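*Asks:* Encoded as structure tokens, here's the structure I'll be asking about.
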Amino acid sequence: MSAVPRPPADVPLDQPGFADDFSSVLENLTGHRSTIGCIIPAYNEEESIAGVLESLLGQTRVPDVIHVVVNNSSDATVKVASEFAGPHQITNDLGEQFTEVFVHDIGKNPDKKVGALNYGYSLVEGYDYLLGVDGDTMADPKAVEFLETEAVSDSRIGGISAIYSIDDRPIKGLVGKFLIAGQRTQFAAFNLQNLLRGRNMAVLGGQFSIFSTNALRDVMRQNHQSTPWVRDSEVEDSLLSLQIKSAGYLTKISPYARADVGGMTTLKGYDAQQVKWTYGAIELMWPGQRGDTKGQPLHPNLRLRWFENFGMLTNLFVRVAFLILLAGSLSIGAFIFSPWWLIPPVVATLLNLRIARTMKSHNSRDLLFAGLAFPAEIFMWIRLSHFLRSWTRFLSRKKVDNWAMQAKAEKGGGSAHWLPLVLLVAVLVAMAVIWTMLGPMVQSTILWIGWPIVGVVTVLQTLLMFFKLIRRYQGYKV
């Protein structure tokens, strides 16, 4: 079976010629027609589940069966989804297709999304592929066709993910628009990193990914599991991706398939989601055993995670140290402005602009978010707060249900997302008090040592950003 055609490095993927090449691959896929069973774990998705089902039924390659697994819901998700239940006969460019939609309300489920996924797996384990779709994800019409075509073309592929973004058109409110712009940039940078690493996907996100059921069975056998997903980790999709890779399969990201996922429009919701994700990633990175989760710090799928965490630590150090040294210098009249300090923010802004322009559906809001510099800087401080809270929670060994905390935050409860800001203010006040207690000689010595250290770290960080800025993106659009 021939592999999916790879475009030349200097030509955009959206050029018509590549669509023609891809069509030729589809035409060559004669013989056994693979079967796809789709699972949609749904938790209080009454506002989006209809759009998700319409998106799936509007695919050029419709899944052979669609199971909506509603769990722990208190809204009208079951009622809305049930309007689509039953058989559907669809005719499109790929011919006449048949599918059937089933809606399952499994009620209270202590394993939450993991339990819903495993319930769905038991219904489709006899199919060739399992398509996992979140209850708020709408895919482009050819997404399933592209994912299936590449999966079938290479038996080594255990799972393949779509390129994720967020549709910002329905978003209302200044805070919501700001957060969605930041998340779009965050998704774009993550997708681009994976595409440029030979399209090796670090995390097969549950939003819209297809899995080989043979790979899932091998994972269950090798790890002595009765189900593909386990509740050991806060990030069930990351853990499964690691296990698929360890079982000898490839985890890939498609350069063609695209899907819009649900974004977080409140600080509380975004904070809880990011802390859960980061905490779960730290568990997988940390050497040794934490509960039932075995840390795998050297696993190839975790290399990006290490780079991300090291980068966040560097960003935190540079910003806090700069503020402290700047305040100290101004307090004794020792600050001398140097235009060299303008280079790092300029390079960062140019890099953000280039990433924004790689978005297939970028708009003026994305460009303004990147080009004005201060929105991206504010968003970075928000991400740093998630980074601090995640590591603090992990190192404290305090047992916390991050799933429950995210659900609470999405409903508007909780105020823990303000804690990092309170701590930052407290630290700065304490440093100011200590600074006033020091003598002039000690103050000068601290500045004499501190500024060069911050300067060296900033130069190295800027150099890394510059290399990313001038790197060839091989025509990819995210």
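By convention in this document, the chains of the structure tokens carry letters A, B, ... by their order, each chain's residues are numbered from 1, and ligands are numbered from 1 in the order they are shown.
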Thr349 (chain A): which residues within 8 Å, counting only C-alpha atoms, same-chain residues fewer than 3 positions away excluded, as a ChimeraX atom specification?
*Replies:* /A:345-346,352-353,370-373
*Asks:* So that I can check the surroundings of region 190-205 of chain A, please list as number ranges by chain every protein, DNA and RNA residue that reaches within 6 Å of it, counting only C-alpha atoms and ignoring chain neighbours fewer than 2 positions away.
*Replies:* A: 161, 187-188, 207, 237-238, 241, 251-253, 301
*Asks:* Which is closest to Gln461 (chain A) among A:Phe317, A:Tyr43, A:Phe335, A:Phe84, if we use only C-alpha atoms?
*Replies:*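 Under the stated criterion, the closest residue is A:Phe317.
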*Asks:* I need the residue nearest Gly328 (chain A) from this list: A:Asn363, A:Thr445, A:Ser34, A:Ser153. Use only C-alpha atoms for the distance.
*Replies:*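 Checking each candidate against Gly328 (chain A), we get A:Thr445 as the closest.
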*Asks:* For each of A:Gly115, A:Gly450, A:Pro141, A:Pro87, take the minimum atom-to-atom distance to Phe102 (chain A), counting only C-alpha atoms, then give the residue where this is smallest.
*Replies:*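 Ranked by minimum distance to Phe102 (chain A), first place goes to A:Pro87.
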*Asks:* Rounded to one decimal place, report the CA of Thr436 (chain A)-CA of Ala321 (chain A) distance in Å.
*Replies:*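 According to the coordinates, CA of Thr436 (chain A) and CA of Ala321 (chain A) are separated by 17.2 Å.
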*Asks:* Compile the contact shell of Ala139 (chain A) as a PyMOL selection string: residues with an atom at most 12 Å away, counting only C-alpha atoms, same-chain residues fewer than 3 positions apart removed.
*Replies:* chain A and resi 51-62+132-136+142-147+161-167+207-209+256-262
*Asks:* Mind pulling up the distance from CA of Thr358 (chain A) to CA of Val478 (chain A)?
*Replies:*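 Pair CA of Val478 (chain A) / CA of Thr358 (chain A) returns 5.9 Å.
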*Asks:* Can you list every residue of region 197-234 of chain A that has an atom at most 10 Å from region 277-290 of chain A, with its nearest atom pair and the distance in Å to one decimal, using only C-alpha atoms, ordered by chain then number, as a Markdown table?
*Replies:*
| residue | atom | partner | partner_atom | distance |
| --- | --- | --- | --- | --- |
| A:Asp232 | CA | A:Arg290 | CA | 9.4 |
| A:Ser233 | CA | A:Gly280 | CA | 5.9 |
| A:Glu234 | CA | A:Gly280 | CA | 4.5 |
*Asks:* Can you list, as a ChimeraX atom specification, every protein, DNA or RNA residue that comes within 12 Å of Ile470 (chain A) when you count only C-alpha atoms, leaving out same-chain residues fewer than 4 positions away?
*Replies:* /A:347,350-351,354-355,463-466,474
*Asks:* Could you write out the selected residues, including N, CA and C atoms, as an mmCIF file, in the first residue's frame?
*Replies:*
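The file below, out31.cif, is the result:
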data_model
loop_
_atom_site.group_PDB
_atom_site.id
_atom_site.type_symbol
_atom_site.label_atom_id
_atom_site.label_comp_id
_atom_site.auth_asym_id
_atom_site.auth_seq_id
_atom_site.Cartn_x
_atom_site.Cartn_y
_atom_site.Cartn_z
ATOM 1 N N VAL A 347 11.733 40.030 18.691
ATOM 2 C CA VAL A 347 11.855 38.687 18.112
ATOM 3 C C VAL A 347 10.652 37.832 18.498
ATOM 4 N N LEU A 350 7.664 38.896 16.389
ATOM 5 C CA LEU A 350 7.803 38.403 15.012
ATOM 6 C C LEU A 350 7.501 36.911 14.933
ATOM 7 N N LEU A 351 7.970 36.151 15.944
ATOM 8 C CA LEU A 351 7.700 34.713 15.965
ATOM 9 C C LEU A 351 6.208 34.449 16.123
ATOM 10 N N ARG A 354 4.498 35.112 12.865
ATOM 11 C CA ARG A 354 4.707 34.068 11.863
ATOM 12 C C ARG A 354 3.843 32.844 12.171
ATOM 13 N N ILE A 355 3.741 32.483 13.454
ATOM 14 C CA ILE A 355 2.889 31.356 13.834
ATOM 15 C C ILE A 355 1.436 31.670 13.502
ATOM 16 N N LEU A 463 17.924 33.754 21.180
ATOM 17 C CA LEU A 463 18.564 33.011 20.095
ATOM 18 C C LEU A 463 17.715 31.817 19.680
ATOM 19 N N LEU A 464 17.150 31.113 20.666
ATOM 20 C CA LEU A 464 16.273 29.978 20.368
ATOM 21 C C LEU A 464 15.036 30.439 19.604
ATOM 22 N N MET A 465 14.447 31.568 20.035
ATOM 23 C CA MET A 465 13.281 32.096 19.329
ATOM 24 C C MET A 465 13.644 32.494 17.901
ATOM 25 N N PHE A 466 14.830 33.043 17.712
ATOM 26 C CA PHE A 466 15.267 33.453 16.372
ATOM 27 C C PHE A 466 15.399 32.242 15.453
ATOM 28 N N GLN A 474 7.970 24.285 5.848
ATOM 29 C CA GLN A 474 7.649 23.233 4.869
ATOM 30 C C GLN A 474 6.262 23.340 4.285
#
*Asks:* Counting only C-alpha atoms, figure out which residue out of A:Ala272, A:Val152, A:Leu94, A:Met264 gets nearest to Asp168 (chain A).
*Replies:* A:Met264
*Asks:* Nearest to Ile39 (chain A) among A:Lys177, A:Arg357, A:His88, A:Lys113, with distances taken over only C-alpha atoms: which residue is it?
*Replies:* A:Lys113
*Asks:* Could you give me, as an MDAnalysis selection string, each residue of region 101-180 of chain A that DSSP assigns to strand (DSSP E) when run on this structure's backbone?
*Replies:* chainID A and resid 101:105 129:133 138:139 157:165
*Asks:* Can you tell me, as number ranges by chain, which residues in region 165-385 of chain A count as alpha helix (DSSP H) by DSSP?
*Replies:* A: 174-196, 213-222, 236-246, 267-285, 303-331, 343-358, 364-371, 374-385
*Asks:* Kindly save the residues from that selection, with C-alpha atoms included, as a short mmCIF file (atom, residue, chain, number, x, y, z; two decimals), in the first residue's frame.
*Replies:*
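Everything below was put into selection_9.cif:
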data_model
loop_
_atom_site.label_atom_id
_atom_site.label_comp_id
_atom_site.auth_asym_id
_atom_site.auth_seq_id
_atom_site.Cartn_x
_atom_site.Cartn_y
_atom_site.Cartn_z
CA LEU A 174 -13.70 40.74 25.62
CA VAL A 175 -12.24 38.15 28.02
CA GLY A 176 -13.62 35.25 25.99
CA LYS A 177 -12.22 36.62 22.72
CA PHE A 178 -8.84 37.25 24.35
CA LEU A 179 -8.62 33.73 25.81
CA ILE A 180 -9.71 32.08 22.57
CA ALA A 181 -7.11 34.07 20.60
CA GLY A 182 -4.46 32.83 23.01
CA GLN A 183 -5.65 29.24 22.80
CA ARG A 184 -5.70 29.38 19.00
CA THR A 185 -2.06 30.49 19.07
CA GLN A 186 -1.25 27.78 21.61
CA PHE A 187 -2.84 25.08 19.43
CA ALA A 188 -1.10 26.42 16.33
CA ALA A 189 2.35 26.32 17.96
CA PHE A 190 1.78 22.80 19.31
CA ASN A 191 0.46 21.45 15.99
CA LEU A 192 3.33 23.06 14.10
CA GLN A 193 5.93 21.53 16.41
CA ASN A 194 4.49 18.06 15.84
CA LEU A 195 4.22 18.52 12.08
CA LEU A 196 7.85 19.62 11.84
CA THR A 213 -8.20 -1.35 17.23
CA ASN A 214 -5.31 -3.79 16.67
CA ALA A 215 -3.03 -1.25 18.35
CA LEU A 216 -5.48 -0.80 21.21
CA ARG A 217 -5.63 -4.57 21.77
CA ASP A 218 -1.82 -4.73 21.81
CA VAL A 219 -1.73 -1.92 24.38
CA MET A 220 -4.21 -3.75 26.59
CA ARG A 221 -2.24 -6.98 26.33
CA GLN A 222 1.18 -5.42 27.00
CA GLU A 236 -5.80 9.72 29.57
CA ASP A 237 -5.05 10.60 25.95
CA SER A 238 -1.36 11.30 26.67
CA LEU A 239 -0.97 8.02 28.56
CA LEU A 240 -2.63 6.01 25.77
CA SER A 241 -0.41 7.76 23.19
CA LEU A 242 2.69 6.73 25.16
CA GLN A 243 1.44 3.15 25.39
CA ILE A 244 0.68 2.98 21.65
CA LYS A 245 4.20 4.24 20.89
CA SER A 246 5.73 1.76 23.36
CA LEU A 267 -10.27 32.34 33.31
CA LYS A 268 -11.60 29.76 35.79
CA GLY A 269 -12.35 27.17 33.14
CA TYR A 270 -9.11 27.70 31.24
CA ASP A 271 -7.06 27.58 34.45
CA ALA A 272 -8.64 24.32 35.62
CA GLN A 273 -8.21 22.67 32.21
CA GLN A 274 -4.56 23.67 31.87
CA VAL A 275 -3.66 22.69 35.44
CA LYS A 276 -5.23 19.26 34.88
CA TRP A 277 -3.33 18.77 31.62
CA THR A 278 -0.01 20.03 32.97
CA TYR A 279 -0.33 18.06 36.21
CA GLY A 280 -1.02 14.87 34.25
CA ALA A 281 1.94 15.52 31.95
CA ILE A 282 4.24 16.03 34.96
CA GLU A 283 3.10 12.69 36.36
CA LEU A 284 4.13 10.96 33.15
CA MET A 285 7.45 12.84 33.03
CA ARG A 303 10.43 15.20 24.71
CA LEU A 304 8.18 18.10 23.75
CA ARG A 305 6.76 18.11 27.28
CA TRP A 306 10.25 18.51 28.74
CA PHE A 307 11.02 21.36 26.33
CA GLU A 308 7.70 23.04 27.18
CA ASN A 309 8.28 22.85 30.93
CA PHE A 310 11.88 24.02 30.66
CA GLY A 311 10.74 26.88 28.45
CA MET A 312 8.07 27.90 30.95
CA LEU A 313 10.60 27.81 33.78
CA THR A 314 12.95 30.03 31.77
CA ASN A 315 10.12 32.45 30.95
CA LEU A 316 9.17 32.64 34.62
CA PHE A 317 12.75 33.27 35.76
CA VAL A 318 13.47 35.98 33.18
CA ARG A 319 10.26 37.91 33.85
CA VAL A 320 10.32 37.81 37.65
CA ALA A 321 14.07 38.46 37.84
CA PHE A 322 13.79 41.36 35.39
CA LEU A 323 11.01 42.99 37.43
CA ILE A 324 12.95 42.60 40.68
CA LEU A 325 16.23 43.91 39.24
CA LEU A 326 14.47 46.77 37.46
CA ALA A 327 12.74 47.88 40.67
CA GLY A 328 16.00 47.57 42.59
CA SER A 329 17.94 49.59 40.02
CA LEU A 330 15.32 52.35 39.92
CA SER A 331 15.22 52.57 43.71
CA ILE A 343 15.44 42.81 20.84
CA PRO A 344 13.83 39.93 22.82
CA PRO A 345 10.25 41.31 22.69
CA VAL A 346 10.68 42.21 19.01
CA VAL A 347 11.85 38.69 18.11
CA ALA A 348 9.05 37.17 20.22
CA THR A 349 6.47 39.34 18.46
CA LEU A 350 7.80 38.40 15.01
CA LEU A 351 7.70 34.71 15.96
CA ASN A 352 4.11 35.03 17.21
CA LEU A 353 3.16 36.79 13.98
CA ARG A 354 4.71 34.07 11.86
CA ILE A 355 2.89 31.36 13.83
CA ALA A 356 -0.37 33.31 13.48
CA ARG A 357 0.10 33.47 9.72
CA THR A 358 0.53 29.69 9.53
CA SER A 364 -7.29 40.07 12.09
CA ARG A 365 -7.80 39.14 15.74
CA ASP A 366 -5.04 36.52 15.57
CA LEU A 367 -2.67 39.00 13.93
CA LEU A 368 -3.47 41.73 16.45
CA PHE A 369 -3.00 39.30 19.35
CA ALA A 370 0.49 38.52 18.07
CA GLY A 371 1.48 41.90 16.65
CA PHE A 374 1.04 42.93 25.16
CA PRO A 375 -1.94 40.52 24.66
CA ALA A 376 0.52 37.65 24.09
CA GLU A 377 2.55 38.81 27.12
CA ILE A 378 -0.54 38.85 29.36
CA PHE A 379 -1.48 35.39 28.07
CA MET A 380 2.04 34.17 28.89
CA TRP A 381 1.62 35.33 32.50
CA ILE A 382 -1.67 33.40 32.65
CA ARG A 383 0.08 30.28 31.37
CA LEU A 384 2.88 30.77 33.90
CA SER A 385 0.28 30.75 36.66
#
*Asks:* With distances taken over only C-alpha atoms, which residue among A:Val230, A:Thr458, A:Ser254, A:Met359 lies nearest Tyr473 (chain A)?
*Replies:*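 Looking only at the distances to Tyr473 (chain A), the closest residue turns out to be A:Met359.
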